[in-house]
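Visitor: If you scroll down you'll find the structure; I have some questions about it.
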Amino acid sequence: MESNLKVLLVSDDEVIHNQILNAMSGSYSVQLIESRDVVREMNREDRDIVIFVQPDTDIAVESIEYIKSVSPTTLVMFIAKSSDFSQLRSITKAGASEFFVYPEEHSLFISRIPAIFQSYEANKSKQTETLSSFTRGRGQIFSIFSGNGGSGKSNLASAFAQTIKVESTAEVILIDLNLQFGGLETLMAIESNRSIADLMPVVSELNESHIRNVSQKLESSKLEVLISPCDAETAEKITEDFVAKLLRTCRRSFDFVIVDLPSYMNNHVVTALEESDRIFYVLTPDTPSLKVLKQFEELSVRLGIELPSRTSIILNKTSKDNEVQVKDIKNVLRFPLAATVRLDNKGLQPFLNKGEPIRKTAKERRLIPFAKDVKKWGLSVLE
Ligand SMILES: Nc1ncnc2c1ncn2[C@@H]1O[C@H](COP(=O)(O)OP(=O)(O)OP(=O)(O)O)[C@@H](O)[C@H]1O
Ligand SMILES: [Mg+2]
């Protein structure tokens with residue numbers, strides 16, 4: 001019988017992790033990652049058990065401390081490559097509860113697993129009850145991407161964020177990662193000299209109040225928006241580590257983090273995609289766009305970005321005159337279709353001209369077709 005526990009195996013050592021995976025397969029589903037991805041993965045999802053194989057660099061103590069700080073109930077088991085008393089002490093102090101030395105203690109480790117996992121499960125419900133009062137929630141990061149420029153990413157990201165904000169009580173932030181040219185500031189008529197770049201000096205201690213200091217609150221919907229520096233030179237100074245830190249900090253303070261991305265891949269975009277819980281790929285119903293989607297899939301495989309489990313398609317600008325019909329597109333897509341949004345030039349025009357938000361309050365009458373379609377999409381993620 002397979003257990004429901006979520007087990008993460010952190011290892012850069014092929015021999016050891018193959019030994020462990022072979023012994024555990026069938027009884028437990030185990031996700032394998034490299035040690036450098038620990039922080040990202042712990043931010044993405046809660047894990048019950050982390051089996052941490054000693055890496056070659058000395059990041060073990062720091063990583064385990066991090067795991068225990070974001071998820072105090074996670075049980076950490078450490079696999080050492082030599083028996084070293086001072087290491088045992090520092091690893092235990094960091095929060096690991098079990099310690100095994102490989103290869104000598106492999107059989108001991110495997111034989112102890114059922115008992116350790118069972119007692120973990122028995123304690124789990126008790127622990128979560130007492131801890132839930134002071135552990136903070138973990139928001140979700142949704143990225144809006146497309147390899148095609150002008151497909152509607154920014155309009156969709158902003159209407160989607162406004163929709164989630166007005167249709168729920170969630171805390172929502174919209175981030176413009178078009179670092180060179182921006183876009184959201186024009187779309188939403190935001191006049192401000194504060195942008196993402198103002199967070200760079202405080203990156204090492206970045207917290208919620210820094211972010212709320214720099215973000216703009218839309219008057220009507222109370223949506224927070226972090227605008228782009230709109231400057232190529234500044235954009236160059238922003239590192240991928242900064243982007244990761246920014247998204248992780250936002251995730252701790254907001255229920256939903258909506259990220260508007262440009263239509264090319266660079267380190268910033270790859271980082272944002274990797275940090276995301278869901279990637280919404282904006283596709284317009286024509287053959288060239290389908291071709292670009294295919295190229296994006298191939299590139300993601302090469303870059304090691306996991307798409308299938310988190311990507312879905314937003315089909316935008318659909319109309320009766322489409323070159324390719326919606327049902328034909330559905331047949332060729334390898335990702336689920338999350339929403340279809342009609343071409344709505346007439347509806348959008350007045351909002352774009354005035355830089356007016358598409359959604360302001362929950363009970364608006366007479367939504368334009370674009371806003372109606374985005375509402376359906378927004379409600380589907382709130383369910
Ligand atoms: N469903 C729609 N109906 C009509 N017009 C739309 C629709 N979606 C987007 N547009 C229009 O398409 C144009 C491009 O939209 P937008 O700027 O949101 O695209 P983008 O993908 O963010 O572009 P970029 O790649 O330059 O960032 C805009 O003029 C926008 O008003
Ligand atoms: Mg855009």
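Identifiers for the structure tokens are assigned positionally: chains receive A, B, ... in sequence, residues are indexed from 1 per chain, and ligands are indexed from 1 in the order shown.
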Residues within 8 Å of ligand 1, counting only C-alpha atoms and all ligand atoms: report them as a short mmCIF file (atom, residue, chain, number, x, y, z; two decimals) with N, CA and C atoms, in the first residue's frame.

Guide:
```cif
data_model
loop_
_atom_site.label_atom_id
_atom_site.label_comp_id
_atom_site.auth_asym_id
_atom_site.auth_seq_id
_atom_site.Cartn_x
_atom_site.Cartn_y
_atom_site.Cartn_z
N PHE A 145 2.45 33.88 -19.04
CA PHE A 145 3.55 33.91 -20.00
C PHE A 145 3.04 33.57 -21.39
N SER A 146 3.83 33.97 -22.40
CA SER A 146 3.60 33.54 -23.77
C SER A 146 4.86 33.86 -24.55
N GLY A 147 5.19 33.02 -25.51
CA GLY A 147 6.33 33.31 -26.37
C GLY A 147 5.97 34.34 -27.42
N ASN A 148 4.69 34.68 -27.50
CA ASN A 148 4.24 35.64 -28.50
C ASN A 148 4.01 37.01 -27.90
N GLY A 149 4.66 38.01 -28.48
CA GLY A 149 4.42 39.38 -28.02
C GLY A 149 3.02 39.81 -28.42
N GLY A 150 2.41 40.64 -27.60
CA GLY A 150 1.11 41.18 -27.94
C GLY A 150 -0.04 40.19 -27.87
N SER A 151 0.18 39.04 -27.21
CA SER A 151 -0.89 38.05 -27.17
C SER A 151 -1.95 38.39 -26.12
N GLY A 152 -1.60 39.34 -25.23
CA GLY A 152 -2.59 39.77 -24.24
C GLY A 152 -2.19 39.50 -22.80
N LYS A 153 -0.93 39.12 -22.58
CA LYS A 153 -0.48 38.77 -21.23
C LYS A 153 -0.78 39.85 -20.20
N SER A 154 -0.37 41.09 -20.52
CA SER A 154 -0.49 42.16 -19.52
C SER A 154 -1.96 42.49 -19.23
N ASN A 155 -2.76 42.58 -20.28
CA ASN A 155 -4.19 42.83 -20.08
C ASN A 155 -4.83 41.71 -19.27
N LEU A 156 -4.46 40.48 -19.59
CA LEU A 156 -5.05 39.35 -18.88
C LEU A 156 -4.57 39.31 -17.43
N ALA A 157 -3.25 39.50 -17.24
CA ALA A 157 -2.70 39.44 -15.88
C ALA A 157 -3.38 40.48 -15.00
N ASN A 178 8.21 42.75 -16.67
CA ASN A 178 8.74 43.29 -17.93
C ASN A 178 9.72 44.40 -17.53
N GLY A 182 8.33 47.61 -19.07
CA GLY A 182 7.14 47.75 -18.26
C GLY A 182 5.87 47.50 -19.06
N GLY A 183 4.78 48.11 -18.67
CA GLY A 183 3.52 47.95 -19.38
C GLY A 183 2.33 48.17 -18.46
N ASP A 260 3.21 39.17 -14.32
CA ASP A 260 3.12 39.45 -15.76
C ASP A 260 4.54 39.37 -16.34
N LEU A 261 4.73 38.50 -17.32
CA LEU A 261 6.08 38.27 -17.86
C LEU A 261 6.20 38.80 -19.29
N PRO A 262 7.43 39.04 -19.74
CA PRO A 262 7.63 39.43 -21.14
C PRO A 262 7.55 38.19 -22.05
N SER A 263 7.71 38.39 -23.36
CA SER A 263 7.52 37.25 -24.26
C SER A 263 8.83 36.62 -24.71
N VAL A 282 -0.47 32.14 -22.53
CA VAL A 282 -1.48 32.81 -23.35
C VAL A 282 -1.26 32.46 -24.82
N ASN A 316 -6.72 33.30 -25.95
CA ASN A 316 -7.17 34.70 -25.96
C ASN A 316 -7.48 35.18 -27.38
N LYS A 317 -8.36 36.13 -27.46
CA LYS A 317 -8.79 36.76 -28.71
C LYS A 317 -9.49 35.76 -29.64
N THR A 318 -10.38 34.97 -29.07
CA THR A 318 -11.13 34.04 -29.92
C THR A 318 -12.30 34.78 -30.58
N VAL A 341 -10.92 33.41 -23.77
CA VAL A 341 -11.30 34.82 -23.65
C VAL A 341 -11.56 35.38 -25.05
N ARG A 342 -12.75 35.95 -25.19
CA ARG A 342 -13.15 36.45 -26.51
C ARG A 342 -12.36 37.68 -26.95
N LEU A 343 -12.22 37.84 -28.25
CA LEU A 343 -11.70 39.08 -28.82
C LEU A 343 -12.74 40.15 -28.53
N ASP A 344 -12.32 41.24 -27.91
CA ASP A 344 -13.29 42.23 -27.47
C ASP A 344 -12.72 43.65 -27.64
N ASN A 345 -12.43 44.00 -28.87
CA ASN A 345 -11.88 45.34 -29.14
C ASN A 345 -12.79 46.44 -28.63
N LYS A 346 -14.07 46.28 -28.91
CA LYS A 346 -15.03 47.33 -28.59
C LYS A 346 -15.13 47.54 -27.08
N GLY A 347 -15.18 46.42 -26.36
CA GLY A 347 -15.31 46.50 -24.92
C GLY A 347 -14.07 47.10 -24.26
N LEU A 348 -12.90 46.65 -24.72
CA LEU A 348 -11.65 47.05 -24.06
C LEU A 348 -11.27 48.51 -24.32
N GLN A 349 -11.57 48.97 -25.54
CA GLN A 349 -11.07 50.27 -25.98
C GLN A 349 -11.25 51.40 -24.98
N LEU A 352 -8.86 51.07 -22.06
CA LEU A 352 -7.46 51.29 -22.42
C LEU A 352 -7.18 52.77 -22.63
N PHE A 370 -14.84 40.67 -22.34
CA PHE A 370 -13.48 40.34 -21.89
C PHE A 370 -13.48 40.09 -20.37
#
```

Visitor: Which neighbours of Val243 (chain A) fall inside 10 Å, counting only C-alpha atoms, when residues of the same chain fewer than 6 positions from it are skipped, and could you give them as a JSON list (two decimals) with N, CA and C atoms, in the first residue's frame?

Guide:
```
[["chain", "number", "residue", "atom", "x", "y", "z"],
["A", 177, "LEU", "N", 7.04, 41.96, -14.32],
["A", 177, "LEU", "CA", 8.43, 41.57, -14.55],
["A", 177, "LEU", "C", 8.91, 41.86, -15.97],
["A", 196, "ILE", "N", 9.94, 48.17, -8.60],
["A", 196, "ILE", "CA", 10.64, 46.99, -8.08],
["A", 196, "ILE", "C", 12.09, 47.30, -7.74],
["A", 200, "MET", "N", 15.81, 46.71, -4.36],
["A", 200, "MET", "CA", 17.13, 46.09, -4.48],
["A", 200, "MET", "C", 18.05, 46.35, -3.28],
["A", 203, "VAL", "N", 17.33, 43.89, -0.35],
["A", 203, "VAL", "CA", 17.01, 42.51, -0.72],
["A", 203, "VAL", "C", 17.36, 41.49, 0.37],
["A", 249, "THR", "N", 9.12, 36.29, -0.86],
["A", 249, "THR", "CA", 8.63, 37.20, 0.18],
["A", 249, "THR", "C", 7.16, 37.54, -0.07],
["A", 267, "ASN", "N", 17.08, 34.88, -17.66],
["A", 267, "ASN", "CA", 17.20, 34.31, -16.32],
["A", 267, "ASN", "C", 16.07, 34.73, -15.39],
["A", 268, "HIS", "N", 15.61, 35.98, -15.54],
["A", 268, "HIS", "CA", 14.51, 36.43, -14.69],
["A", 268, "HIS", "C", 13.26, 35.61, -14.95],
["A", 269, "VAL", "N", 12.98, 35.41, -16.24],
["A", 269, "VAL", "CA", 11.75, 34.71, -16.60],
["A", 269, "VAL", "C", 11.82, 33.24, -16.16],
["A", 271, "THR", "N", 13.52, 32.03, -13.72],
["A", 271, "THR", "CA", 13.36, 31.99, -12.26],
["A", 271, "THR", "C", 11.88, 32.11, -11.89],
["A", 272, "ALA", "N", 11.19, 33.06, -12.50],
["A", 272, "ALA", "CA", 9.77, 33.25, -12.18],
["A", 272, "ALA", "C", 8.97, 31.99, -12.52],
["A", 275, "GLU", "N", 9.56, 29.34, -9.91],
["A", 275, "GLU", "CA", 8.97, 29.61, -8.59],
["A", 275, "GLU", "C", 7.45, 29.45, -8.61]]
```

Visitor: Pick from A:Ile175, A:Leu108, A:Ile238, A:Ala189: nearest to ligand 2, with only C-alpha atoms and all ligand atoms counted?

Guide: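 Smallest separation from ligand 2 among the options: A:Ile175.
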
Visitor: Hey, can you check how far CA of Thr361 (chain A) sits from CA of Leu223 (chain A)?

Guide: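 For CA of Thr361 (chain A) relative to CA of Leu223 (chain A), the distance reads 10.9 Å.
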
Visitor: For Gln118 (chain A), please output as a list in words all residues within 10 Å (counting only C-alpha atoms; exclusion window: fewer than 6 positions along the same chain).

Guide: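 Counting only C-alpha atoms, the residues come to Ser3, Leu5 and Lys124 of chain A.
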
Visitor: Skip Asp198 (chain A) itself and residues of its chain fewer than 3 positions away, then list as a ChimeraX atom specification all residues within 9 Å of it, counting only C-alpha atoms.

Guide: /A:194-195,201-202,214,229

Visitor: In Å to one decimal, how far is CA of Asp48 (chain A) from CA of Ile305 (chain A)?

Guide: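 Rounded to one decimal, the two atoms are 23.7 Å apart.
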
Visitor: Kindly indicate which residue among A:Ile110, A:Val172, A:Val374, A:Val381 lies nearest to Ala23 (chain A), using only C-alpha atoms for the distances.

Guide: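 Smallest distance to Ala23 (chain A) is found for A:Ile110.
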
Visitor: Which residues are close to Gln180 (chain A), i.e. within 8 Å by only C-alpha atoms, leaving aside same-chain residues fewer than 6 positions away? Reply as a VMD selection string.

Guide: chain A and resid 228 to 235

Visitor: Report as an MDAnalysis selection string: the residues of region 216-362 of chain A with a DSSP assignment of strand (DSSP E or B), based on the backbone of this structure.

Guide: chainID A and resid 216:217 224:226 256:260 278:283 311:318 337:342

Visitor: Distance CA of Leu21 (chain A)-CA of Ser300 (chain A), one decimal place?

Guide: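 Answer for the CA of Leu21 (chain A) to CA of Ser300 (chain A) separation: 25.7 Å.
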
Visitor: My list of candidates is A:Lys93, A:Phe99, A:Ser289, A:Ser192. Which is closest to Gln216 (chain A) when distances are computed with only C-alpha atoms?

Guide: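 Distance minimum relative to Gln216 (chain A) lands on A:Ser192.
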
Visitor: Which is closest to ligand 2 among A:Gln54, A:Thr311, A:Ser158, A:Thr284, if we use only C-alpha atoms and all ligand atoms?

Guide: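 For ligand 2, the nearest of the candidates is A:Ser158.
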
Visitor: Name the residues in contact with Phe160 (chain A) at a cut-off of 10 Å, using only C-alpha atoms, excluding same-chain residues fewer than 2 positions from it; report them as a list in words.

Guide: Ile144, Ser154, Asn155, Leu156, Ala157, Ser158, Gln162, Thr163, Ile164, Lys165, Leu174, Ile258, Ile358, Arg359, Ala371, Asp373, Val374, Lys375, Lys376, Trp377, Gly378 and Leu379 of chain A

Visitor: Write a file of the selected residues as a compact mmCIF listing (two decimals), in the first residue's frame, keeping C-alpha atoms.

Guide:
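The file below, part-v7.txt, is the result:
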```
# COMPACT_ATOMS: atom_id res chain seq x y z
CA ILE A 144 1.22 34.70 -17.12
CA SER A 154 -0.49 42.16 -19.52
CA ASN A 155 -4.19 42.83 -20.08
CA LEU A 156 -5.05 39.35 -18.88
CA ALA A 157 -2.70 39.44 -15.88
CA SER A 158 -4.13 42.73 -14.70
CA GLN A 162 -8.34 42.51 -10.20
CA THR A 163 -10.93 39.77 -10.56
CA ILE A 164 -9.43 37.59 -7.83
CA LYS A 165 -9.16 40.64 -5.59
CA LEU A 174 0.35 41.95 -9.26
CA ILE A 258 0.20 37.31 -10.14
CA ILE A 358 -11.46 46.55 -15.90
CA ARG A 359 -12.79 45.48 -12.49
CA ALA A 371 -14.13 40.89 -18.18
CA ASP A 373 -14.47 35.62 -19.54
CA VAL A 374 -11.68 36.59 -17.18
CA LYS A 375 -14.13 36.39 -14.27
CA LYS A 376 -14.86 32.76 -15.11
CA TRP A 377 -11.14 32.03 -15.09
CA GLY A 378 -10.62 33.93 -11.83
CA LEU A 379 -13.46 32.12 -10.07
```
